[in-house]
2 protein chains.
Amino acid sequence: MAAGLQSRAQALIRNTQAHLTQPRVRVLALLLGARRELSHDEIMALLPLEAPVDRVTVYRVLDWLAAQGLARRSVGRDRVFRYGAAQAGEARAPRAEFKCNQCGITRRVRASAAKARLPRGYTPQYVETLIVGTCSDCAGAH
Amino acid sequence: MAAGLQSRAQALIRNTQAHLTQPRVRVLALLLGARRELSHDEIMALLPLEAPVDRVTVYRVLDWLAAQGLARRSVGRDRVFRYGAAQAGEARAPRAEFKCNQCGITRRVRASAAKARLPRGYTPQYVETLIVGTCSDCAGAH
DNA sequence: GCCCAATTTGCAACCCGGTTGCATAATCGC
DNA sequence: GCGATTATGCAACCGGGTTGCAAATTGGGC
């Protein structure tokens with residue numbers, strides 16, 4: 001499983017024409033395997049299991065992944081960046097996200113698309129739904 | 001006009017039972033008069049016109065206003081807090097917006113809210129729907 | 001395989017929005 | 001006015017993120 005993520009990450013990075021490096025592969029593999037967005041801090045905590053990567057390098061890798069469209073970046077209430085692997089074809093598929101208004105974490109959820117009454121001449125292409133509320137972690141920790 | 005804001009601010013602050021102070025009145029009056037959210041920095045730049053207020057005090061006033069429900073706080077992409085005066089009975093009505101991906105204008109439209117299947121422990125509070133497409137103006141002027 | 005230019009990494013120092021500790025000053029019930 | 005309570009100002013601090021630059025890695029040519 002981890003090996004699969006590793007090679008998926010390698011393939012995605014090779015597509016960008018840029019250098020294939022260990023920090024990039026390891027960080028992207030981490031994002032691909034995560035089921036929620038990760039902060040720089042969390043990534044640092046997860047990485048040393050294999051080998052140390054400088055914190056500045058991780059910042060730069062994350063910036064780079066976002067610039068390549070391989071990761072998306074969001075800002076939580078705590079003013080901390082969090083990153084998730086961008087799904088292929090992400091922009092066009094109908095999507096719904098849940099955003100916790102306490103910790104600011106965003107994750108994708110299943111939802112039916114809203115039906116809209118658009119004025120004459122308006123053509124919809126895709127719909128994004130954002131559900132704001134409290135996630136289970138924050139609900140638990142009062 | 002500015003005097004009106006000043007007295008509105010005073011009334012709102014008196015309602016909280018806390019001390020009525022110059023920093024609180026001036027900051028809240030500023031928020032009431034602003035037509036968009038203001039950052040701490042912008043508020044500092046606006047204040048000295050009358051008299052200087054310490055930056056830490058402004059931070060604390062803003063925190064306090066938010067805690068009292070007199071202001072709402074949001075975090076932008078730049079990780080900076082911005083504050084706006086909270087409208088009385090600020091409605092969290094289900095809302096939907098249409099955004100044209102050609103001209104970029106956004107307008108509100110009527111739409112039914114999406115129904116989501118949330119994971120256990122997740123509590124929704126409100127739903128925002130964004131419909132991306134082409135508006136009538138841009139459709140006509142291909 | 002080996003070399004070399006271009007790209008990345010690691011380190012140290014820095015930036016800046018926001019927070020904390022504490023002594024001084026303003027507020028308001030009496 | 002008087003005094004306990006609450007808020008302000010100042011200085012130092014915190015932490016996530018960024019920058020400058022030398023050393024190391026990558027990968028195309030040979």
# chains A, B, ... in the order shown; residues from 1 in each chain; ligands from 1
>>> closest_atom_pairs(of="chain D", to="chain A", cutoff="12 Å", atoms="only C-alpha atoms (C1' of nucleotides)", output="Markdown table")
| residue | atom | partner | partner_atom | distance |
| --- | --- | --- | --- | --- |
| D:DG15 | C1' | A:Val80 | CA | 10.4 |
| D:DG16 | C1' | A:Val80 | CA | 7.1 |
| D:DG17 | C1' | A:Tyr59 | CA | 8.0 |
| D:DT18 | C1' | A:Val56 | CA | 8.7 |
| D:DT19 | C1' | A:Val56 | CA | 10.4 |
| D:DT25 | C1' | A:Thr21 | CA | 8.4 |
| D:DT26 | C1' | A:His19 | CA | 6.3 |
| D:DG27 | C1' | A:His19 | CA | 8.0 |
| D:DG28 | C1' | A:His19 | CA | 11.9 |
>>> interface_residues(of="chain C", to="chain B", cutoff="12 Å", atoms="only C-alpha atoms (C1' of nucleotides)", output="PyMOL selection string")
chain C and resi 16-20+26-28
>>> write_last_selection(atoms="C-alpha atoms (C1' of nucleotides)", output="PDB file, in the first residue's frame")
ATOM      1  C1'  DC C  16       5.484  39.634  10.761  1.00  0.00           C
ATOM      2  C1'  DG C  17       0.875  38.856  12.608  1.00  0.00           C
ATOM      3  C1'  DG C  18      -0.562  37.725  16.796  1.00  0.00           C
ATOM      4  C1'  DT C  19      -0.057  36.722  22.051  1.00  0.00           C
ATOM      5  C1'  DT C  20       1.497  37.080  26.965  1.00  0.00           C
ATOM      6  C1'  DA C  26      -9.214  54.509  33.250  1.00  0.00           C
ATOM      7  C1'  DT C  27     -14.033  53.161  34.487  1.00  0.00           C
ATOM      8  C1'  DC C  28     -18.066  53.064  37.272  1.00  0.00           C
TER       9       DC C  28
END
>>> select_by_dssp(residues="region 17-137 of chain A", states="helix (DSSP H, G or I)", output="PyMOL selection string")
chain A and resi 22-33+40-49+55-67+136-137
>>> atom_distance(atom1="CA of Gly69 (chain A)", atom2="CA of Ser74 (chain B)")
25.5 Å
>>> residues_around(residues="Val27 (chain B)", least_positions_apart="5", cutoff="9 Å", atoms="only C-alpha atoms (C1' of nucleotides)", output="list of chain:residue names")
B:Ala9, B:Gln22, B:Leu32, B:Ile43, B:Leu47, B:Val58, B:Val61, B:Leu62
>>> write_last_selection(atoms="C-alpha atoms", output="mmCIF file, in the first residue's frame")
data_model
loop_
_atom_site.group_PDB
_atom_site.id
_atom_site.type_symbol
_atom_site.label_atom_id
_atom_site.label_comp_id
_atom_site.auth_asym_id
_atom_site.auth_seq_id
_atom_site.Cartn_x
_atom_site.Cartn_y
_atom_site.Cartn_z
ATOM 1 C CA ALA B 9 -20.983 51.876 18.765
ATOM 2 C CA GLN B 22 -12.376 54.986 23.813
ATOM 3 C CA LEU B 32 -19.619 49.782 11.550
ATOM 4 C CA ILE B 43 -7.557 49.595 11.497
ATOM 5 C CA LEU B 47 -7.162 55.163 13.892
ATOM 6 C CA VAL B 58 -6.537 46.916 19.164
ATOM 7 C CA VAL B 61 -10.529 44.974 21.430
ATOM 8 C CA LEU B 62 -11.069 42.958 18.269
#
>>> residues_around(residues="DG29 (chain C)", least_positions_apart="4", cutoff="12 Å", atoms="only C-alpha atoms (C1' of nucleotides)", output="PyMOL selection string")
chain D and resi 2-5
>>> closest_residue(among="A:Asp78, A:Thr16, A:Thr106, A:Ala71", to="chain B", atoms="only C-alpha atoms")
A:Asp78
>>> residues_around(residues="DA12 (chain C)", least_positions_apart="2", cutoff="12 Å", atoms="only C-alpha atoms (C1' of nucleotides)", output="list in words")
Val56 of chain A; DG10 and DC14 of chain C; DT19, DG20, DC21 and DA22 of chain D
>>> atom_distance(atom1="CA of Val75 (chain A)", atom2="CA of Thr134 (chain B)")
28.1 Å
>>> closest_residue(among="B:Gly84, B:Gly33, B:Gly133, B:Pro52", to="chain A", atoms="only C-alpha atoms")
B:Gly133
